[in-house]
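One structure below.
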Protein chains: 2
Amino acid sequence: MMRTALTDLLGIDAPLVGFNRSPGVVAEVSRAGGLGVLAATAYTPEELDAQLTWIEEQVGGRPYGVDLLVPGKTAPGDPADLVASLRAQIPDEHVRFVDELLARYDIPAPARPRHESPELIANLDPSGVPALLDVVFAHPVALVANALGTPPPTLVDRAKAAGVLVASLVGKPEHARRQLEAGVDVLVAQGTEAGGHTGTVATMILTPEIVDAAGDVPVLAAGGIASGRQMAAALALGASGVWCGSVWLSSHEDITPDAVKRKFLTATSSDTLRSPARTGKPARQLRSAWHDEWERPGSPSPLPMPLQPMLISDAWSRIDEAAGNGHPGATALESFFIGQVVGGFAELAPAGEITRRIVDDCVARLQELRTLT
Amino acid sequence: MMRTALTDLLGIDAPLVGFNRSPGVVAEVSRAGGLGVLAATAYTPEELDAQLTWIEEQVGGRPYGVDLLVPGKTAPGDPADLVASLRAQIPDEHVRFVDELLARYDIPAPARPRHESPELIANLDPSGVPALLDVVFAHPVALVANALGTPPPTLVDRAKAAGVLVASLVGKPEHARRQLEAGVDVLVAQGTEAGGHTGTVATMILTPEIVDAAGDVPVLAAGGIASGRQMAAALALGASGVWCGSVWLSSHEDITPDAVKRKFLTATSSDTLRSPARTGKPARQLRSAWHDEWERPGSPSPLPMPLQPMLISDAWSRIDEAAGNGHPGATALESFFIGQVVGGFAELAPAGEITRRIVDDCVARLQELRTLT
């Protein structure tokens, strides 16, 4: 048992948030005394309803949260036919580059015919947001987070009315001020060492900066936290808790393909990079032959979001499928979003065990610190 | 008073090392209960002897240290005429680029005729090392550090014979293993957020990695540490102390030009970058128009060390001189090595006061952490 502003707000045993797209991870983190938060950016309303119902069956009344992608502005295309109008903006040079890259690595043609990723379409089209929010607020969620940027009033107002906490990720003090004005209840200071979309400022510097900017609003540290020592360090920096993302990719319950997880288990902390070559925005991921190809002199620059993910979505389905079959070229290209903590992955473990290990080791480390003064 | 493996080794009050090229900073850190370490890569033996004698007069028997650049290998030129043979390797394109850049920013010609920086020549020529080591070991230094790479046997053997501790900076666990084999007594885990030459791994991840690799050898955390909260976090990560560099550039005693210090005082934590455009190796520094120019499409790539510093040494003398006179173009270009902690610089303060503030706040933060469990 630990006590911080976050545990008081949520009534949880330990100030640890586990952020993951796998409902199994979310449930296990909440069951182990933390707060599981489902990354729900890829679901239809019906799918999300089913996932949240399943999580509730597992957690026995313990709190959990949801992370949504609620776009503040629409994508730069014709709303009448958004996907086609965006696709028309992709240069032929880029299409040829990706086709040639896949051919050179001998990646097999897709088993199923080419199709637009449903996740991608959902993220481009904000018209589906109200129905998703209806689902979220029909469930007893304790916290909603917004995946990218300042949460819009449509999210904040409904959350306040429902008594649900709103959390938001920030990578700079300037961002914190905007989020506080928008009414967020919890700020997540995400350092550059985190997986996925990150800024350039490290957790060691960003966390106290955001704590100082946040006033009474609790701050969670994110990026670089996968052990009890790192959790204790985050608390020393002034955080009221930690937001862990990457560490769950070393859990059994995580749904990331085995071919990716195997690469994670042998990676070092120097094997990630912050690159726009996957989403069009700088995101930390495992360095692979994919990045070497995009960084080679003469390669085109990655397109802006959402064009880059549209360009490569089909390519990645093919790479993931082939890597799953042990294909050497696909295995060389294979990658996924991950933070620098990947260097500490030694073996896969149950998510509940990972949660308890981090918290127990943090408590032990805090006890050890008492001997220094 | 705090107690760790480092304070036990050195007999100091607080496990804080202050690394700086200004003898005044070094003396004040040691006087305030930490360990001042002089960055002595730019001195002749006579100058170094004078600096160490002066420091000893200030510290009244308290321990201090010295950081040297002892090259493991010689520069890639003709030893008979090293500087000329290296200069011949600098492409004309690069010379023209720098000349054109200075002209475009209207940087005045140097007040004195063009000359080779003595610091540069000293660093290129390893033949002066034995005389420098003679000076160091004739003084009662408590610790010697090696500025770049694994300390060679010539340094380690003399230090062991004299009962002087050897410290070394590492940016990856692999480096730690090499340093431990070389016989270092203290490892400094330097995260990417640090100023100067750094790797890519953040302090939050690197520190526990190096602690685990180091066995009984004490580890200091470097990079991102300029406050008591950050020092407490480093101790939570398992470090036996902290190695602070950037924070002293906000001290009165630091000899960095005022034009640079003024830019530091208004910078944010996002205003640094890790760039080879100054030394030829990736080094964190304040982003300025200098970096914008080198990163512009069509600009030449920076040369490898030591050619890049030879190329630009004279240009930087001119920029520093003109910026000191308030010249707008020079002020736009002006920069120096600094870590992401620069975002926290609010005003200049005495180095002793900075030392006491960090240590006192660390002790207070460690006390506060007792209430969490």
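Ligands are numbered from 1 in the order shown, residues from 1 within each chain, and chains are lettered A, B, ... in the order they appear in the structure tokens.
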Closest-contact table, chain B side, partner chain A, 9 Å, counting only C-alpha atoms, as a Markdown table:
```
| residue | atom | partner | partner_atom | distance |
| --- | --- | --- | --- | --- |
| B:Met1 | CA | A:Thr373 | CA | 6.7 |
| B:Met2 | CA | A:Thr373 | CA | 4.8 |
| B:Arg3 | CA | A:Leu372 | CA | 5.2 |
| B:Thr4 | CA | A:Leu372 | CA | 6.4 |
| B:Lys172 | CA | A:Ser270 | CA | 7.6 |
| B:Thr192 | CA | A:Ala202 | CA | 8.2 |
| B:Glu193 | CA | A:Ala202 | CA | 6.3 |
| B:Gly199 | CA | A:Ser270 | CA | 8.6 |
| B:Thr200 | CA | A:Ser270 | CA | 6.7 |
| B:Val201 | CA | A:Ser270 | CA | 6.2 |
| B:Ala202 | CA | A:Glu193 | CA | 6.3 |
| B:Thr203 | CA | A:Met204 | CA | 7.3 |
| B:Met204 | CA | A:Gly224 | CA | 5.7 |
| B:Ile205 | CA | A:Gly224 | CA | 5.8 |
| B:Leu206 | CA | A:Ser269 | CA | 8.0 |
| B:Pro208 | CA | A:Arg229 | CA | 7.7 |
| B:Glu209 | CA | A:Gly344 | CA | 8.0 |
| B:Gly223 | CA | A:Met204 | CA | 8.5 |
| B:Gly224 | CA | A:Met204 | CA | 5.7 |
| B:Ile225 | CA | A:Met204 | CA | 7.6 |
| B:Gly228 | CA | A:Leu237 | CA | 8.7 |
| B:Arg229 | CA | A:Leu237 | CA | 4.9 |
| B:Gln230 | CA | A:Leu237 | CA | 5.9 |
| B:Met231 | CA | A:Ala236 | CA | 8.6 |
| B:Ala232 | CA | A:Ala236 | CA | 5.7 |
| B:Ala233 | CA | A:Ala233 | CA | 4.0 |
| B:Ala234 | CA | A:Ala233 | CA | 6.7 |
| B:Leu235 | CA | A:Leu369 | CA | 7.6 |
| B:Ala236 | CA | A:Ala233 | CA | 5.0 |
| B:Leu237 | CA | A:Arg229 | CA | 4.9 |
| B:Gly238 | CA | A:Arg229 | CA | 7.0 |
| B:Ser269 | CA | A:Val201 | CA | 6.5 |
| B:Ser270 | CA | A:Val201 | CA | 6.2 |
| B:Leu273 | CA | A:Thr200 | CA | 8.8 |
| B:Gln340 | CA | A:Ile205 | CA | 6.9 |
| B:Val341 | CA | A:Ile205 | CA | 6.3 |
| B:Gly343 | CA | A:Ile205 | CA | 8.5 |
| B:Gly344 | CA | A:Glu209 | CA | 8.0 |
| B:Cys362 | CA | A:Ala236 | CA | 8.9 |
| B:Val363 | CA | A:Thr373 | CA | 6.7 |
| B:Arg365 | CA | A:Ala236 | CA | 6.7 |
| B:Leu366 | CA | A:Leu369 | CA | 7.1 |
| B:Gln367 | CA | A:Arg370 | CA | 7.7 |
| B:Glu368 | CA | A:Ala236 | CA | 8.7 |
| B:Leu369 | CA | A:Ala236 | CA | 6.8 |
| B:Arg370 | CA | A:Leu366 | CA | 7.2 |
| B:Thr371 | CA | A:Arg3 | CA | 8.0 |
| B:Leu372 | CA | A:Arg3 | CA | 5.2 |
| B:Thr373 | CA | A:Met2 | CA | 4.9 |
```
Go ahead and dump the residues you just picked, N, CA and C atoms, as a compact mmCIF listing (two decimals), in the first residue's frame.
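Dumped to selection_17.txt:
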```
# COMPACT_ATOMS: atom_id res chain seq x y z
N MET B 1 24.30 16.29 6.04
CA MET B 1 25.15 15.10 5.91
C MET B 1 24.36 13.94 5.31
N MET B 2 24.94 13.33 4.29
CA MET B 2 24.36 12.14 3.71
C MET B 2 25.46 11.09 3.67
N ARG B 3 25.04 9.84 3.58
CA ARG B 3 26.05 8.78 3.55
C ARG B 3 25.75 7.78 2.44
N THR B 4 26.71 7.64 1.51
CA THR B 4 26.62 6.64 0.45
C THR B 4 28.02 6.06 0.25
N LYS B 172 26.66 3.58 -22.13
CA LYS B 172 26.06 2.28 -22.47
C LYS B 172 26.61 1.23 -21.53
N THR B 192 21.50 10.82 -21.94
CA THR B 192 21.44 11.65 -23.15
C THR B 192 21.07 13.09 -22.86
N GLU B 193 20.40 13.36 -21.73
CA GLU B 193 19.99 14.72 -21.42
C GLU B 193 21.13 15.60 -20.95
N GLY B 199 25.52 9.91 -25.19
CA GLY B 199 24.87 8.88 -26.00
C GLY B 199 23.39 9.20 -26.16
N THR B 200 22.60 8.16 -26.40
CA THR B 200 21.17 8.35 -26.68
C THR B 200 20.27 7.86 -25.55
N VAL B 201 20.83 7.15 -24.58
CA VAL B 201 20.00 6.53 -23.54
C VAL B 201 19.83 7.51 -22.37
N ALA B 202 18.59 7.67 -21.92
CA ALA B 202 18.29 8.64 -20.86
C ALA B 202 18.76 8.13 -19.49
N THR B 203 19.05 9.09 -18.60
CA THR B 203 19.52 8.80 -17.24
C THR B 203 18.61 7.82 -16.51
N MET B 204 17.30 7.96 -16.70
CA MET B 204 16.31 7.10 -16.02
C MET B 204 16.53 5.63 -16.35
N ILE B 205 16.99 5.33 -17.54
CA ILE B 205 17.24 3.94 -17.96
C ILE B 205 18.70 3.57 -17.74
N LEU B 206 19.60 4.49 -18.08
CA LEU B 206 21.03 4.17 -18.05
C LEU B 206 21.54 3.93 -16.64
N PRO B 208 20.19 2.70 -13.68
CA PRO B 208 20.06 1.34 -13.13
C PRO B 208 20.78 0.28 -13.97
N GLU B 209 20.88 0.49 -15.27
CA GLU B 209 21.63 -0.47 -16.10
C GLU B 209 23.10 -0.51 -15.68
N GLY B 223 23.55 13.86 -16.00
CA GLY B 223 22.57 14.17 -17.04
C GLY B 223 21.21 14.39 -16.41
N GLY B 224 20.73 15.63 -16.44
CA GLY B 224 19.39 15.90 -15.91
C GLY B 224 19.36 16.18 -14.43
N ILE B 225 20.52 16.44 -13.82
CA ILE B 225 20.53 16.62 -12.36
C ILE B 225 21.03 18.01 -11.99
N GLY B 228 17.45 19.24 -6.04
CA GLY B 228 17.37 18.22 -5.01
C GLY B 228 16.45 17.07 -5.39
N ARG B 229 15.34 17.39 -6.09
CA ARG B 229 14.45 16.31 -6.52
C ARG B 229 15.17 15.37 -7.49
N GLN B 230 15.94 15.98 -8.40
CA GLN B 230 16.64 15.16 -9.39
C GLN B 230 17.75 14.35 -8.73
N MET B 231 18.41 14.94 -7.72
CA MET B 231 19.44 14.18 -6.99
C MET B 231 18.80 13.02 -6.23
N ALA B 232 17.65 13.28 -5.61
CA ALA B 232 16.94 12.20 -4.89
C ALA B 232 16.53 11.10 -5.87
N ALA B 233 16.10 11.50 -7.06
CA ALA B 233 15.71 10.51 -8.06
C ALA B 233 16.90 9.65 -8.46
N ALA B 234 18.07 10.29 -8.64
CA ALA B 234 19.28 9.54 -9.01
C ALA B 234 19.62 8.52 -7.93
N LEU B 235 19.48 8.91 -6.66
CA LEU B 235 19.75 7.98 -5.57
C LEU B 235 18.73 6.85 -5.58
N ALA B 236 17.47 7.18 -5.89
CA ALA B 236 16.43 6.14 -5.99
C ALA B 236 16.75 5.14 -7.09
N LEU B 237 17.37 5.62 -8.15
CA LEU B 237 17.73 4.74 -9.27
C LEU B 237 18.89 3.80 -8.92
N GLY B 238 19.49 4.02 -7.75
CA GLY B 238 20.58 3.15 -7.32
C GLY B 238 21.95 3.78 -7.37
N SER B 269 13.84 23.81 -21.74
CA SER B 269 14.43 22.47 -21.80
C SER B 269 14.35 21.88 -23.20
N SER B 270 13.54 22.46 -24.07
CA SER B 270 13.45 21.98 -25.46
C SER B 270 14.46 22.66 -26.38
N LEU B 273 20.06 20.57 -28.42
CA LEU B 273 20.06 19.46 -29.37
C LEU B 273 21.39 18.72 -29.24
N GLN B 340 19.78 19.50 -20.83
CA GLN B 340 18.37 19.92 -20.83
C GLN B 340 17.97 20.63 -19.54
N VAL B 341 18.78 20.53 -18.48
CA VAL B 341 18.47 21.26 -17.24
C VAL B 341 18.53 22.76 -17.44
N GLY B 343 16.71 24.56 -18.98
CA GLY B 343 15.35 25.11 -18.88
C GLY B 343 15.01 25.61 -17.48
N GLY B 344 15.73 25.13 -16.48
CA GLY B 344 15.46 25.54 -15.10
C GLY B 344 16.31 26.71 -14.63
N CYS B 362 17.61 17.85 -1.64
CA CYS B 362 17.62 16.40 -1.77
C CYS B 362 17.29 15.74 -0.44
N VAL B 363 17.93 16.22 0.61
CA VAL B 363 17.66 15.67 1.94
C VAL B 363 16.18 15.87 2.30
N ARG B 365 13.68 16.22 0.24
CA ARG B 365 12.84 15.37 -0.61
C ARG B 365 12.85 13.92 -0.12
N LEU B 366 14.03 13.46 0.30
CA LEU B 366 14.12 12.09 0.84
C LEU B 366 13.26 11.96 2.10
N GLN B 367 13.22 13.02 2.89
CA GLN B 367 12.35 12.99 4.08
C GLN B 367 10.88 12.90 3.67
N GLU B 368 10.50 13.70 2.67
CA GLU B 368 9.10 13.69 2.22
C GLU B 368 8.68 12.32 1.70
N LEU B 369 9.61 11.63 1.04
CA LEU B 369 9.27 10.33 0.47
C LEU B 369 8.89 9.32 1.56
N ARG B 370 9.33 9.59 2.79
CA ARG B 370 9.00 8.67 3.89
C ARG B 370 7.50 8.59 4.15
N THR B 371 6.78 9.63 3.73
CA THR B 371 5.33 9.66 4.03
C THR B 371 4.53 8.83 3.02
N LEU B 372 5.17 8.36 1.95
CA LEU B 372 4.41 7.69 0.88
C LEU B 372 4.11 6.23 1.20
N THR B 373 4.91 5.63 2.07
CA THR B 373 4.70 4.21 2.35
C THR B 373 4.38 4.00 3.82
```
Could you give me, as number ranges by chain, the residues within 10 Å of Thr154 in chain A, counting only C-alpha atoms and dropping anything in the same chain fewer than 6 positions from it?
-> A: 70, 72, 129-130, 133
Can you list, as a ChimeraX atom specification, every protein, DNA or RNA residue that comes within 12 Å of Ala289 in chain A when you count only C-alpha atoms, leaving out same-chain residues fewer than 2 positions away?
-> /A:101-102,104-105,271,277,286-287,291-296,319,328-335
Can you list, as a ChimeraX atom specification, all residues belonging to range 127-194 of chain A that DSSP tags as strand (DSSP E)?
-> /A:143-146,165-170,186-190
Restricting it to N, CA and C atoms, dump the selection as an mmCIF file, in the first residue's frame.
```
data_model
loop_
_atom_site.group_PDB
_atom_site.id
_atom_site.type_symbol
_atom_site.label_atom_id
_atom_site.label_comp_id
_atom_site.auth_asym_id
_atom_site.auth_seq_id
_atom_site.Cartn_x
_atom_site.Cartn_y
_atom_site.Cartn_z
ATOM 1 N N LEU A 143 -11.426 6.884 -15.327
ATOM 2 C CA LEU A 143 -10.539 7.886 -15.933
ATOM 3 C C LEU A 143 -10.573 7.730 -17.453
ATOM 4 N N VAL A 144 -10.658 8.886 -18.139
ATOM 5 C CA VAL A 144 -10.481 8.865 -19.595
ATOM 6 C C VAL A 144 -9.252 9.704 -19.924
ATOM 7 N N ALA A 145 -8.466 9.192 -20.881
ATOM 8 C CA ALA A 145 -7.297 9.942 -21.346
ATOM 9 C C ALA A 145 -7.473 10.210 -22.827
ATOM 10 N N ASN A 146 -6.865 11.301 -23.276
ATOM 11 C CA ASN A 146 -6.914 11.618 -24.703
ATOM 12 C C ASN A 146 -5.547 11.348 -25.303
ATOM 13 N N LEU A 165 -12.519 11.191 -14.187
ATOM 14 C CA LEU A 165 -11.300 11.992 -14.284
ATOM 15 C C LEU A 165 -10.806 12.038 -15.727
ATOM 16 N N VAL A 166 -10.240 13.199 -16.114
ATOM 17 C CA VAL A 166 -9.652 13.347 -17.442
ATOM 18 C C VAL A 166 -8.134 13.464 -17.298
ATOM 19 N N ALA A 167 -7.411 12.613 -18.025
ATOM 20 C CA ALA A 167 -5.943 12.663 -18.012
ATOM 21 C C ALA A 167 -5.447 13.028 -19.399
ATOM 22 N N SER A 168 -4.258 13.614 -19.439
ATOM 23 C CA SER A 168 -3.732 14.029 -20.731
ATOM 24 C C SER A 168 -2.214 13.995 -20.708
ATOM 25 N N LEU A 169 -1.619 13.594 -21.831
ATOM 26 C CA LEU A 169 -0.156 13.486 -21.924
ATOM 27 C C LEU A 169 0.457 14.796 -22.391
ATOM 28 N N VAL A 170 1.571 15.174 -21.767
ATOM 29 C CA VAL A 170 2.277 16.387 -22.171
ATOM 30 C C VAL A 170 3.770 16.107 -22.282
ATOM 31 N N VAL A 186 -5.606 15.132 -14.354
ATOM 32 C CA VAL A 186 -4.328 14.458 -14.140
ATOM 33 C C VAL A 186 -3.454 14.729 -15.361
ATOM 34 N N LEU A 187 -2.229 15.187 -15.132
ATOM 35 C CA LEU A 187 -1.287 15.390 -16.237
ATOM 36 C C LEU A 187 -0.272 14.248 -16.259
ATOM 37 N N VAL A 188 0.013 13.753 -17.442
ATOM 38 C CA VAL A 188 1.024 12.719 -17.606
ATOM 39 C C VAL A 188 2.219 13.356 -18.318
ATOM 40 N N ALA A 189 3.341 13.476 -17.597
ATOM 41 C CA ALA A 189 4.566 14.064 -18.169
ATOM 42 C C ALA A 189 5.323 12.953 -18.865
ATOM 43 N N GLN A 190 5.322 13.007 -20.198
ATOM 44 C CA GLN A 190 5.911 11.894 -20.950
ATOM 45 C C GLN A 190 7.270 12.283 -21.523
#
```
Quick one: pick out all helix (DSSP H, G or I) residues within range 3-63 of chain A from a backbone DSSP run and write them as a ChimeraX atom specification.
-> /A:5-10,23-31,45-59
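Every protein or nucleic acid residue with an atom no more than 12 Å from Thr53 in chain A, counting only C-alpha atoms and leaving out same-chain residues fewer than 6 positions away, appears here: Pro23, Ala27, Glu46, Glu47, Val59, Gly60, Gly61, Tyr64, Val135, Val136, Ala138, His139, Pro140 and Val141 of chain A.
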Those residues you just picked out, can you put them in a file as a compact mmCIF listing (two decimals), in the first residue's frame with all heavy atoms?
```txt
# COMPACT_ATOMS: atom_id res chain seq x y z
N PRO A 23 -6.94 -5.80 -23.57
CA PRO A 23 -7.84 -5.82 -22.41
C PRO A 23 -7.31 -6.70 -21.28
O PRO A 23 -7.49 -6.38 -20.10
CB PRO A 23 -9.14 -6.38 -23.00
CG PRO A 23 -9.08 -6.05 -24.46
CD PRO A 23 -7.64 -6.12 -24.84
N ALA A 27 -6.98 -5.40 -17.36
CA ALA A 27 -7.66 -6.06 -16.24
C ALA A 27 -6.66 -6.50 -15.18
O ALA A 27 -6.88 -6.30 -13.98
CB ALA A 27 -8.45 -7.27 -16.76
N GLU A 46 -19.25 -0.93 -30.90
CA GLU A 46 -19.67 -2.27 -30.46
C GLU A 46 -18.49 -3.04 -29.87
O GLU A 46 -18.61 -3.71 -28.83
CB GLU A 46 -20.27 -3.06 -31.62
CG GLU A 46 -21.57 -2.50 -32.17
CD GLU A 46 -21.38 -1.19 -32.95
OE1 GLU A 46 -20.27 -0.98 -33.53
OE2 GLU A 46 -22.30 -0.36 -32.95
N GLU A 47 -17.36 -2.96 -30.54
CA GLU A 47 -16.16 -3.65 -30.04
C GLU A 47 -15.75 -3.07 -28.69
O GLU A 47 -15.42 -3.82 -27.76
CB GLU A 47 -15.00 -3.48 -31.03
CG GLU A 47 -15.15 -4.28 -32.31
CD GLU A 47 -14.15 -3.85 -33.39
OE1 GLU A 47 -13.59 -2.73 -33.28
OE2 GLU A 47 -13.95 -4.61 -34.34
N VAL A 59 -12.33 -7.35 -13.21
CA VAL A 59 -11.72 -6.52 -12.16
C VAL A 59 -12.53 -6.47 -10.86
O VAL A 59 -12.05 -5.94 -9.86
CB VAL A 59 -11.44 -5.08 -12.65
CG1 VAL A 59 -10.44 -5.09 -13.81
CG2 VAL A 59 -12.72 -4.36 -13.05
N GLY A 60 -13.76 -7.02 -10.88
CA GLY A 60 -14.53 -7.11 -9.64
C GLY A 60 -14.71 -5.77 -8.96
O GLY A 60 -14.48 -5.65 -7.75
N GLY A 61 -15.09 -4.76 -9.70
CA GLY A 61 -15.37 -3.46 -9.09
C GLY A 61 -14.18 -2.54 -8.94
O GLY A 61 -14.33 -1.37 -8.58
N TYR A 64 -10.82 1.19 -13.51
CA TYR A 64 -9.99 1.08 -14.72
C TYR A 64 -10.27 2.31 -15.56
O TYR A 64 -11.18 3.10 -15.26
CB TYR A 64 -10.29 -0.22 -15.49
CG TYR A 64 -11.62 -0.21 -16.18
CD1 TYR A 64 -11.71 0.14 -17.54
CD2 TYR A 64 -12.80 -0.50 -15.51
CE1 TYR A 64 -12.93 0.18 -18.18
CE2 TYR A 64 -14.03 -0.45 -16.14
CZ TYR A 64 -14.09 -0.11 -17.48
OH TYR A 64 -15.29 -0.05 -18.11
N VAL A 135 -20.54 4.98 -25.42
CA VAL A 135 -20.16 3.68 -24.86
C VAL A 135 -19.33 3.88 -23.59
O VAL A 135 -19.61 3.29 -22.54
CB VAL A 135 -19.36 2.85 -25.89
CG1 VAL A 135 -18.75 1.62 -25.23
CG2 VAL A 135 -20.25 2.47 -27.06
N VAL A 136 -18.30 4.74 -23.68
CA VAL A 136 -17.41 4.94 -22.54
C VAL A 136 -18.20 5.37 -21.31
O VAL A 136 -18.04 4.81 -20.21
CB VAL A 136 -16.32 5.99 -22.87
CG1 VAL A 136 -15.57 6.41 -21.62
CG2 VAL A 136 -15.36 5.44 -23.92
N ALA A 138 -21.29 5.05 -20.62
CA ALA A 138 -22.27 4.06 -20.15
C ALA A 138 -21.61 3.02 -19.24
O ALA A 138 -22.29 2.25 -18.58
CB ALA A 138 -22.94 3.38 -21.34
N HIS A 139 -20.27 3.02 -19.21
CA HIS A 139 -19.53 2.09 -18.35
C HIS A 139 -18.96 2.84 -17.15
O HIS A 139 -18.74 4.05 -17.22
CB HIS A 139 -18.39 1.43 -19.15
CG HIS A 139 -18.87 0.38 -20.10
ND1 HIS A 139 -18.95 -0.95 -19.76
CD2 HIS A 139 -19.33 0.46 -21.38
CE1 HIS A 139 -19.41 -1.65 -20.78
NE2 HIS A 139 -19.66 -0.82 -21.78
N PRO A 140 -18.71 2.12 -16.06
CA PRO A 140 -18.19 2.80 -14.85
C PRO A 140 -16.68 3.05 -14.93
O PRO A 140 -15.94 2.62 -14.05
CB PRO A 140 -18.52 1.80 -13.74
CG PRO A 140 -18.44 0.46 -14.41
CD PRO A 140 -18.92 0.68 -15.83
N VAL A 141 -16.24 3.75 -15.99
CA VAL A 141 -14.80 4.03 -16.09
C VAL A 141 -14.42 5.11 -15.08
O VAL A 141 -15.21 6.02 -14.78
CB VAL A 141 -14.39 4.48 -17.51
CG1 VAL A 141 -14.67 3.39 -18.54
CG2 VAL A 141 -15.06 5.77 -17.90
```
Could you name the residues that touch Pro304 in chain B at 8 Å or less, counting only C-alpha atoms, but leaving out those on the same chain fewer than 6 positions away, as an mmCIF file with N, CA, C and O atoms, in the first residue's frame?
```cif
data_model
loop_
_atom_site.group_PDB
_atom_site.id
_atom_site.type_symbol
_atom_site.label_atom_id
_atom_site.label_comp_id
_atom_site.auth_asym_id
_atom_site.auth_seq_id
_atom_site.Cartn_x
_atom_site.Cartn_y
_atom_site.Cartn_z
ATOM 1 N N THR B 279 31.868 19.645 -32.496
ATOM 2 C CA THR B 279 33.102 18.891 -32.216
ATOM 3 C C THR B 279 33.338 17.754 -33.204
ATOM 4 O O THR B 279 34.403 17.135 -33.173
ATOM 5 N N GLY B 280 32.341 17.448 -34.030
ATOM 6 C CA GLY B 280 32.482 16.297 -34.909
ATOM 7 C C GLY B 280 31.894 15.026 -34.330
ATOM 8 O O GLY B 280 31.729 14.034 -35.030
ATOM 9 N N LYS B 281 31.610 15.023 -33.019
ATOM 10 C CA LYS B 281 30.891 13.926 -32.369
ATOM 11 C C LYS B 281 29.607 14.498 -31.781
ATOM 12 O O LYS B 281 29.568 15.673 -31.424
#
```
Tell me which protein, DNA and RNA residues are within 9 Å of Gly11 in chain A, counting only C-alpha atoms, leaving out same-chain ones fewer than 5 positions away, and put them as a list of chain:residue names.
->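 So, after excluding close chain neighbours, the residues are A:Leu6, A:Arg62, A:Pro63.
Taking CA of Ala315 in chain A and CA of Arg96 in chain A as the two end points, the separation is 12.0 Å.
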Any idea what the distance is between CA of Val17 in chain A and CA of Pro218 in chain A?
-> 13.0 Å
What gap, in Å, lies between CA of Gly352 in chain B and CA of Gly65 in chain B?
->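 If I compute the distance from CA of Gly352 in chain B to CA of Gly65 in chain B, I get 16.5 Å.
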Long-range neighbours of Ser250 in chain B as a ChimeraX atom specification, 9 Å cut-off, only C-alpha atoms, 2 positions minimum in chain | /B:246-248,252-254,261,264-265,342,345-351,354
Go ahead and write the residues just picked, C-alpha atoms, as a short mmCIF file (atom, residue, chain, number, x, y, z; two decimals), in the first residue's frame.
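The resulting file, selection.cif, is shown below:
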```
data_model
loop_
_atom_site.label_atom_id
_atom_site.label_comp_id
_atom_site.auth_asym_id
_atom_site.auth_seq_id
_atom_site.Cartn_x
_atom_site.Cartn_y
_atom_site.Cartn_z
CA SER B 246 25.51 21.92 -16.67
CA VAL B 247 24.13 23.48 -13.49
CA TRP B 248 27.41 25.35 -12.82
CA HIS B 252 28.82 33.40 -10.97
CA GLU B 253 32.16 31.58 -10.82
CA ASP B 254 31.75 29.86 -14.19
CA LYS B 261 25.02 32.70 -20.03
CA PHE B 264 20.98 30.06 -21.15
CA LEU B 265 18.87 32.08 -18.71
CA VAL B 342 19.14 24.67 -18.83
CA PHE B 345 18.06 28.34 -15.06
CA ALA B 346 16.35 31.40 -13.59
CA GLU B 347 19.27 33.53 -12.41
CA LEU B 348 22.99 33.29 -11.71
CA ALA B 349 23.98 32.29 -8.17
CA PRO B 350 27.19 31.47 -6.29
CA ALA B 351 28.38 27.90 -6.92
CA ILE B 354 23.88 26.06 -5.73
#
```
Smallest atom-to-atom distance to Thr198 in chain A: which of A:Val242, A:Ala267, A:Ala142, A:Ala283, using only C-alpha atoms?
-> A:Ala283
